[in-house]
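**Student:** What follows is a single structure, and I will ask about it in a moment.
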Amino acid sequence: MASTLTLESTPNYRLLVWAALVGLLAFVYFGWSSVLGLQPGLCASVVLPIFGDAAKAFYESSGANIIYLYDQFECQRFGRGMGTTIWISFVCVIASTIIGVLGAWAQISGSKILSGVTQAYIQFFRNTPPLVQMYFFFFALSPLLPKVMTDYGVAQPLFSPFVWAAISLSFFAGAFNVEIFRSGIEAVPRTMTEAGEALGYTRGQVFRNVVLPLALRVCIPSLTNNLVNLVKTTTLAFAISVPETLFVANQIWSDRVNVFEMMVTLFVFYIGLVAILVWLMERWEKSMRIPGYGR
């Protein structure tokens with residue numbers, strides 16, 4: 001009796017993953033205005049009616065002033081700060097990861113020029129403090145660039161403080177990501193590369209289709225740690241007046257003298273933000289796991 005081999009088709013989730021990423025980007029860029037308080041109606045119609053009376057009563061009875069739960073102006077202001085932190089974290093995570101992949105490829109490309117430039121970049125950004133780097137970009141490099149004119153005829157810098165903070169933090173974290181991806185690439189057995197070359201793959205195809213997918217499975221835990229550190233380091237944007245969460249919280253506690261309440265809020269916010277990032281990275285790691293590989 002002849003036997004037949006049945007191949008079960010596995011669903012291709014690549015399109016769904018890319019659609020989810022595009023949707024997340026669109027939500028973060030366009031949606032935080034309505035979700036995190038930039039639209040006045042959200043604070044007035046959702047936050048204040050639900051928490052306002054309880055927060056105000058709690059303040060009158062205990063003295064704990066969680067003002068952003070019952071004051072519309074502070075609710076909107078704090079919402080803007082959280083939205084800015086989420087957006088700059090998202091931009092820096094994506095940009096630093098791309099920098100890491102490109103830098104790791106440059107190191108193994110065989111080009112002495114690319115390898116030398118990459119090493120110089122790593123040594124500069126890894127061996128200097130991130131706050132000094134941010135000051136260099138904003139105070140030293142920005143004045144050298146051409147100015148742009150506003151509609152009112154006023155000259156202003158080419159890039160805003162937000163852009164400079166994103167550039168600085170992305171380059172800083174990217175230097176560490178280069179080494180993380182390089183270590184993952186070196187952990188891939190040479191036989192895998194030889195197998196790809198035997199199939200007729202070019203050097204770039206071997207890197208993209210064989211080496212990088214296997215290297216990711218090795219370096220995701222280290223990459224997660226660096227990205228977590230990056231999200232926390234976004235508070236340095238405070239130093240160049242980017243209105244992120246710490247900057248706004250400082251304004252609120254300076255105006256309302258509720259340092260303890262705002263500091264606790266900051267802890268809760270960043271713990272939640274980092275927890276979401278770690279959960280996403282763990283899910284990614286589990287989805288890419290190959291039984292027996294990397295163990």
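Ordering of the structure tokens sets the chain letters (A, B, ...), residue numbers begin anew at 1 in every chain, and ligands are numbered from 1 in the order given.
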Counting only C-alpha atoms, what is within 9 Å of Thr265 in chain A, bar same-chain residues fewer than 5 positions away, as an NGL selection string?

**Tutor:** :A and (66 or 249 or 260 or 270)

**Student:** Dump N, CA and C atoms for the selected residues as a CSV table (one decimal), in the first residue's frame?

**Tutor:**
chain,number,residue,atom,x,y,z
A,66,ILE,N,-2.8,64.1,44.7
A,66,ILE,CA,-2.6,63.5,43.3
A,66,ILE,C,-3.4,64.3,42.4
A,249,ALA,N,6.6,66.3,35.5
A,249,ALA,CA,6.4,66.0,36.9
A,249,ALA,C,7.1,67.0,37.7
A,260,PHE,N,6.4,64.0,46.8
A,260,PHE,CA,6.3,62.6,47.1
A,260,PHE,C,5.3,61.9,46.1
A,270,TYR,N,7.2,54.3,35.1
A,270,TYR,CA,8.3,53.6,34.5
A,270,TYR,C,8.4,52.1,34.7

**Student:** Quick one: DSSP strand (DSSP E) residues in range 56-229 of chain A, as a list in words?

**Tutor:**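 Checking each residue of range 56-229 of chain A, the strand (DSSP E) ones are Val148, Met149, Ala155 and Gln156 of chain A.
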
**Student:** Mind dumping the selected residues with N, CA and C atoms as an mmCIF file, in the first residue's frame?

**Tutor:**
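Saved result, part-v6.cif, follows:
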data_model
loop_
_atom_site.group_PDB
_atom_site.id
_atom_site.type_symbol
_atom_site.label_atom_id
_atom_site.label_comp_id
_atom_site.auth_asym_id
_atom_site.auth_seq_id
_atom_site.Cartn_x
_atom_site.Cartn_y
_atom_site.Cartn_z
ATOM 1 N N VAL A 148 16.175 77.656 10.380
ATOM 2 C CA VAL A 148 14.984 77.704 9.529
ATOM 3 C C VAL A 148 14.096 78.842 10.017
ATOM 4 N N MET A 149 13.387 79.423 9.084
ATOM 5 C CA MET A 149 12.524 80.559 9.407
ATOM 6 C C MET A 149 11.090 80.084 9.624
ATOM 7 N N ALA A 155 13.976 83.051 13.232
ATOM 8 C CA ALA A 155 14.888 81.936 12.966
ATOM 9 C C ALA A 155 14.890 80.982 14.152
ATOM 10 N N GLN A 156 14.809 79.693 13.865
ATOM 11 C CA GLN A 156 14.854 78.695 14.917
ATOM 12 C C GLN A 156 15.761 77.545 14.477
#

**Student:** What does the structure give for the distance between CA of Leu169 in chain A and CA of Leu141 in chain A, in Å to one decimal?

**Tutor:**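 CA of Leu141 in chain A lies at a distance of 15.1 Å from CA of Leu169 in chain A.
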
**Student:** Using only C-alpha atoms, which of A:Thr84, A:Gln123, A:Ser241, A:Ser96 sits nearest Tyr135 in chain A?

**Tutor:**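 Using only C-alpha atoms, the shortest distance to Tyr135 in chain A belongs to A:Ser241.
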
**Student:** Write out as a PyMOL selection string which residues come within 10 Å of Glu186 in chain A when counting only C-alpha atoms, dropping same-chain ones fewer than 5 positions away.

**Tutor:** chain A and resi 108+181+211+215+218

**Student:** Figure out the distance between CA of Asp53 in chain A and CA of Tyr70 in chain A, please, to one decimal in Å.

**Tutor:** 7.0 Å

**Student:** Looking at A:Ala239, A:Val278, A:Cys75, A:Val206, which one is nearest to Ser222 in chain A, with distances taken over only C-alpha atoms?

**Tutor:**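 Using only C-alpha atoms, the shortest distance to Ser222 in chain A belongs to A:Val278.
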
**Student:** List the neighbours of Ile86 in chain A out to 9 Å using only C-alpha atoms; skip same-chain residues closer than 3 positions along the sequence, and give me the result as a list of chain:residue names.

**Tutor:** A:Val28, A:Trp32, A:Gly81, A:Met82, A:Gly83, A:Ser89, A:Phe90, A:Val91, A:Val231, A:Glu244, A:Leu273

**Student:** Figure out the distance between CA of Arg80 in chain A and CA of Tyr59 in chain A, please, to one decimal in Å.

**Tutor:** 23.4 Å

**Student:** Here is a test: counting only C-alpha atoms, which residue of A:Leu280, A:Ile252, A:Ile98, A:Leu230 is nearest to Val178 in chain A?

**Tutor:**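 Smallest separation from Val178 in chain A among the options: A:Ile98.
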
**Student:** Give me, as a compact mmCIF listing (two decimals) with N, CA and C atoms, in the first residue's frame, the residues of range 133-277 of chain A that a backbone DSSP run labels alpha helix (DSSP H).

**Tutor:**
# COMPACT_ATOMS: atom_id res chain seq x y z
N GLN A 133 27.05 63.45 25.80
CA GLN A 133 26.74 63.30 24.38
C GLN A 133 25.54 64.16 23.99
N MET A 134 24.52 64.13 24.83
CA MET A 134 23.32 64.91 24.53
C MET A 134 23.63 66.40 24.53
N TYR A 135 24.44 66.85 25.49
CA TYR A 135 24.85 68.25 25.52
C TYR A 135 25.67 68.62 24.27
N PRO A 161 14.62 70.07 20.36
CA PRO A 161 15.25 69.28 21.43
C PRO A 161 14.83 67.82 21.42
N PHE A 162 13.59 67.54 21.07
CA PHE A 162 13.13 66.15 21.00
C PHE A 162 13.96 65.36 19.99
N VAL A 163 14.19 65.94 18.82
CA VAL A 163 14.95 65.24 17.77
C VAL A 163 16.38 65.00 18.24
N TRP A 164 17.01 66.00 18.85
CA TRP A 164 18.38 65.82 19.31
C TRP A 164 18.46 64.77 20.41
N ALA A 165 17.48 64.75 21.29
CA ALA A 165 17.47 63.72 22.34
C ALA A 165 17.34 62.33 21.73
N ALA A 166 16.45 62.19 20.74
CA ALA A 166 16.26 60.90 20.09
C ALA A 166 17.53 60.46 19.36
N ILE A 167 18.19 61.39 18.67
CA ILE A 167 19.43 61.06 17.96
C ILE A 167 20.51 60.64 18.95
N SER A 168 20.68 61.42 20.00
CA SER A 168 21.73 61.13 20.97
C SER A 168 21.52 59.79 21.65
N LEU A 169 20.32 59.53 22.14
CA LEU A 169 20.04 58.29 22.85
C LEU A 169 20.11 57.08 21.92
N SER A 170 19.70 57.26 20.67
CA SER A 170 19.75 56.15 19.71
C SER A 170 21.19 55.76 19.41
N PHE A 171 22.05 56.76 19.22
CA PHE A 171 23.46 56.46 18.97
C PHE A 171 24.11 55.83 20.20
N PHE A 172 23.76 56.32 21.38
CA PHE A 172 24.33 55.77 22.61
C PHE A 172 23.96 54.30 22.79
N ALA A 173 22.67 53.99 22.70
CA ALA A 173 22.25 52.59 22.86
C ALA A 173 22.68 51.74 21.68
N GLY A 174 22.75 52.36 20.48
CA GLY A 174 23.16 51.61 19.30
C GLY A 174 24.57 51.07 19.41
N ALA A 175 25.46 51.80 20.08
CA ALA A 175 26.83 51.33 20.25
C ALA A 175 26.87 50.02 21.02
N PHE A 176 26.05 49.91 22.05
CA PHE A 176 25.97 48.66 22.81
C PHE A 176 25.27 47.58 21.99
N ASN A 177 24.28 47.97 21.22
CA ASN A 177 23.57 46.97 20.40
C ASN A 177 24.47 46.36 19.34
N VAL A 178 25.41 47.14 18.83
CA VAL A 178 26.35 46.60 17.84
C VAL A 178 27.12 45.43 18.45
N GLU A 179 27.62 45.61 19.65
CA GLU A 179 28.37 44.54 20.31
C GLU A 179 27.47 43.37 20.68
N ILE A 180 26.25 43.67 21.03
CA ILE A 180 25.31 42.59 21.36
C ILE A 180 25.03 41.73 20.13
N PHE A 181 24.74 42.37 19.02
CA PHE A 181 24.49 41.61 17.79
C PHE A 181 25.75 40.91 17.30
N ARG A 182 26.90 41.55 17.46
CA ARG A 182 28.15 40.91 17.05
C ARG A 182 28.40 39.62 17.84
N SER A 183 28.15 39.68 19.14
CA SER A 183 28.33 38.46 19.95
C SER A 183 27.36 37.37 19.53
N GLY A 184 26.13 37.77 19.17
CA GLY A 184 25.18 36.79 18.69
C GLY A 184 25.60 36.17 17.37
N ILE A 185 26.15 37.00 16.47
CA ILE A 185 26.61 36.50 15.18
C ILE A 185 27.77 35.53 15.35
N GLU A 186 28.68 35.86 16.26
CA GLU A 186 29.82 34.98 16.48
C GLU A 186 29.42 33.66 17.12
N ARG A 190 29.89 28.18 12.27
CA ARG A 190 30.39 28.44 10.93
C ARG A 190 29.73 27.53 9.89
N THR A 191 29.34 26.34 10.31
CA THR A 191 28.72 25.40 9.38
C THR A 191 27.42 25.96 8.80
N MET A 192 26.71 26.80 9.57
CA MET A 192 25.49 27.41 9.07
C MET A 192 25.78 28.35 7.90
N THR A 193 26.84 29.14 8.05
CA THR A 193 27.23 30.04 6.97
C THR A 193 27.66 29.26 5.74
N GLU A 194 28.44 28.21 5.96
CA GLU A 194 28.90 27.39 4.84
C GLU A 194 27.72 26.72 4.13
N ALA A 195 26.71 26.32 4.89
CA ALA A 195 25.53 25.71 4.28
C ALA A 195 24.79 26.71 3.40
N GLY A 196 24.69 27.96 3.87
CA GLY A 196 24.05 28.99 3.06
C GLY A 196 24.83 29.28 1.79
N GLU A 197 26.15 29.34 1.90
CA GLU A 197 26.98 29.58 0.72
C GLU A 197 26.89 28.42 -0.27
N ALA A 198 26.75 27.19 0.27
CA ALA A 198 26.62 26.02 -0.60
C ALA A 198 25.31 26.04 -1.39
N ARG A 203 26.79 36.85 0.09
CA ARG A 203 27.17 37.17 1.45
C ARG A 203 26.05 37.90 2.19
N GLY A 204 25.39 38.83 1.48
CA GLY A 204 24.29 39.55 2.10
C GLY A 204 23.10 38.66 2.39
N GLN A 205 22.81 37.73 1.50
CA GLN A 205 21.69 36.80 1.71
C GLN A 205 21.97 35.86 2.86
N VAL A 206 23.22 35.43 2.99
CA VAL A 206 23.59 34.57 4.12
C VAL A 206 23.38 35.31 5.43
N LEU A 212 21.63 36.27 10.74
CA LEU A 212 20.90 37.20 11.61
C LEU A 212 19.74 36.53 12.34
N PRO A 213 18.90 35.72 11.67
CA PRO A 213 17.80 35.07 12.43
C PRO A 213 18.30 34.18 13.56
N LEU A 214 19.41 33.47 13.34
CA LEU A 214 19.95 32.63 14.40
C LEU A 214 20.62 33.46 15.49
N ALA A 215 21.29 34.54 15.09
CA ALA A 215 21.95 35.41 16.07
C ALA A 215 20.94 36.08 16.98
N LEU A 216 19.79 36.46 16.43
CA LEU A 216 18.76 37.10 17.25
C LEU A 216 18.32 36.20 18.39
N ARG A 217 18.23 34.92 18.12
CA ARG A 217 17.78 33.98 19.15
C ARG A 217 18.77 33.89 20.30
N VAL A 218 20.02 34.21 20.03
CA VAL A 218 21.05 34.16 21.07
C VAL A 218 21.11 35.46 21.85
N CYS A 219 20.95 36.59 21.15
CA CYS A 219 21.24 37.88 21.78
C CYS A 219 20.01 38.61 22.30
N ILE A 220 18.81 38.06 22.15
CA ILE A 220 17.61 38.77 22.63
C ILE A 220 17.66 39.08 24.13
N PRO A 221 18.11 38.15 25.01
CA PRO A 221 18.17 38.53 26.43
C PRO A 221 19.06 39.74 26.70
N SER A 222 20.25 39.79 26.08
CA SER A 222 21.13 40.95 26.26
C SER A 222 20.54 42.19 25.62
N LEU A 223 19.89 42.03 24.46
CA LEU A 223 19.24 43.17 23.81
C LEU A 223 18.13 43.72 24.68
N THR A 224 17.37 42.86 25.32
CA THR A 224 16.30 43.30 26.21
C THR A 224 16.85 44.16 27.34
N ASN A 225 17.94 43.72 27.95
CA ASN A 225 18.53 44.49 29.04
C ASN A 225 18.96 45.88 28.57
N ASN A 226 19.56 45.95 27.38
CA ASN A 226 20.02 47.25 26.89
C ASN A 226 18.84 48.16 26.54
N LEU A 227 17.78 47.60 25.97
CA LEU A 227 16.63 48.42 25.63
C LEU A 227 15.90 48.91 26.88
N VAL A 228 15.87 48.08 27.91
CA VAL A 228 15.29 48.52 29.19
C VAL A 228 16.08 49.70 29.73
N ASN A 229 17.40 49.59 29.68
CA ASN A 229 18.24 50.70 30.14
C ASN A 229 18.02 51.94 29.29
N LEU A 230 17.79 51.75 28.00
CA LEU A 230 17.53 52.88 27.10
C LEU A 230 16.25 53.61 27.48
N VAL A 231 15.19 52.86 27.74
CA VAL A 231 13.92 53.48 28.11
C VAL A 231 14.08 54.32 29.38
N LYS A 232 14.82 53.81 30.34
CA LYS A 232 15.05 54.56 31.58
C LYS A 232 15.93 55.78 31.34
N THR A 233 16.86 55.67 30.39
CA THR A 233 17.77 56.77 30.11
C THR A 233 17.08 57.92 29.39
N THR A 245 8.11 62.88 30.76
CA THR A 245 7.40 62.67 32.03
C THR A 245 8.11 63.31 33.21
N LEU A 246 9.42 63.13 33.32
CA LEU A 246 10.15 63.70 34.45
C LEU A 246 10.11 65.23 34.41
N PHE A 247 10.27 65.79 33.21
CA PHE A 247 10.23 67.25 33.07
C PHE A 247 8.89 67.80 33.54
N VAL A 248 7.81 67.17 33.08
CA VAL A 248 6.47 67.64 33.45
C VAL A 248 6.20 67.42 34.93
N ALA A 249 6.62 66.26 35.46
CA ALA A 249 6.42 65.99 36.88
C ALA A 249 7.15 67.03 37.73
N ASN A 250 8.34 67.42 37.30
CA ASN A 250 9.09 68.45 38.02
C ASN A 250 8.34 69.78 38.01
N GLN A 251 7.72 70.11 36.88
CA GLN A 251 6.92 71.33 36.83
C GLN A 251 5.74 71.26 37.78
N ILE A 252 5.09 70.10 37.82
CA ILE A 252 3.90 69.95 38.66
C ILE A 252 4.26 70.04 40.13
N TRP A 253 5.32 69.32 40.55
CA TRP A 253 5.64 69.37 41.99
C TRP A 253 6.24 70.71 42.39
N SER A 254 6.81 71.45 41.43
CA SER A 254 7.29 72.79 41.75
C SER A 254 6.12 73.75 41.95
N ASP A 255 5.05 73.55 41.18
CA ASP A 255 3.88 74.42 41.30
C ASP A 255 2.98 74.02 42.46
N ARG A 256 2.86 72.72 42.70
CA ARG A 256 1.86 72.23 43.66
C ARG A 256 2.45 71.69 44.95
N VAL A 259 5.86 66.68 45.92
CA VAL A 259 7.00 65.92 45.41
C VAL A 259 6.80 64.43 45.60
N PHE A 260 6.38 64.02 46.79
CA PHE A 260 6.27 62.59 47.09
C PHE A 260 5.27 61.92 46.14
N GLU A 261 4.11 62.54 45.96
CA GLU A 261 3.08 61.95 45.11
C GLU A 261 3.56 61.81 43.66
N MET A 262 4.25 62.84 43.14
CA MET A 262 4.72 62.79 41.76
C MET A 262 5.86 61.79 41.60
N MET A 263 6.72 61.67 42.62
CA MET A 263 7.81 60.69 42.53
C MET A 263 7.25 59.27 42.52
N VAL A 264 6.26 59.01 43.36
CA VAL A 264 5.63 57.68 43.35
C VAL A 264 4.99 57.42 41.99
N THR A 265 4.35 58.44 41.44
CA THR A 265 3.74 58.29 40.11
C THR A 265 4.79 57.97 39.06
N LEU A 266 5.94 58.63 39.13
CA LEU A 266 7.02 58.35 38.19
C LEU A 266 7.49 56.91 38.29
N PHE A 267 7.67 56.43 39.52
CA PHE A 267 8.08 55.04 39.71
C PHE A 267 7.07 54.08 39.08
N VAL A 268 5.80 54.31 39.35
CA VAL A 268 4.76 53.42 38.83
C VAL A 268 4.73 53.47 37.30
N PHE A 269 4.85 54.66 36.74
CA PHE A 269 4.80 54.81 35.29
C PHE A 269 5.95 54.08 34.61
N TYR A 270 7.16 54.28 35.11
CA TYR A 270 8.31 53.65 34.45
C TYR A 270 8.36 52.15 34.70
N ILE A 271 7.91 51.70 35.86
CA ILE A 271 7.83 50.26 36.09
C ILE A 271 6.86 49.63 35.10
N GLY A 272 5.71 50.28 34.89
CA GLY A 272 4.73 49.76 33.93
C GLY A 272 5.25 49.80 32.51
N LEU A 273 5.92 50.90 32.12
CA LEU A 273 6.44 51.02 30.76
C LEU A 273 7.50 49.97 30.48
N VAL A 274 8.41 49.79 31.41
CA VAL A 274 9.47 48.78 31.24
C VAL A 274 8.88 47.38 31.25
N ALA A 275 7.87 47.15 32.08
CA ALA A 275 7.24 45.82 32.13
C ALA A 275 6.62 45.46 30.79
N ILE A 276 5.99 46.44 30.13
CA ILE A 276 5.41 46.19 28.81
C ILE A 276 6.51 45.83 27.80
N LEU A 277 7.61 46.58 27.83
CA LEU A 277 8.72 46.29 26.92
C LEU A 277 9.29 44.89 27.16

**Student:** May I ask which of the residues A:Phe73, A:Gly63, A:Ile240, A:Leu102 is the closest one to Ser142 in chain A, counting only C-alpha atoms?

**Tutor:**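 For Ser142 in chain A, the nearest of the candidates is A:Ile240.
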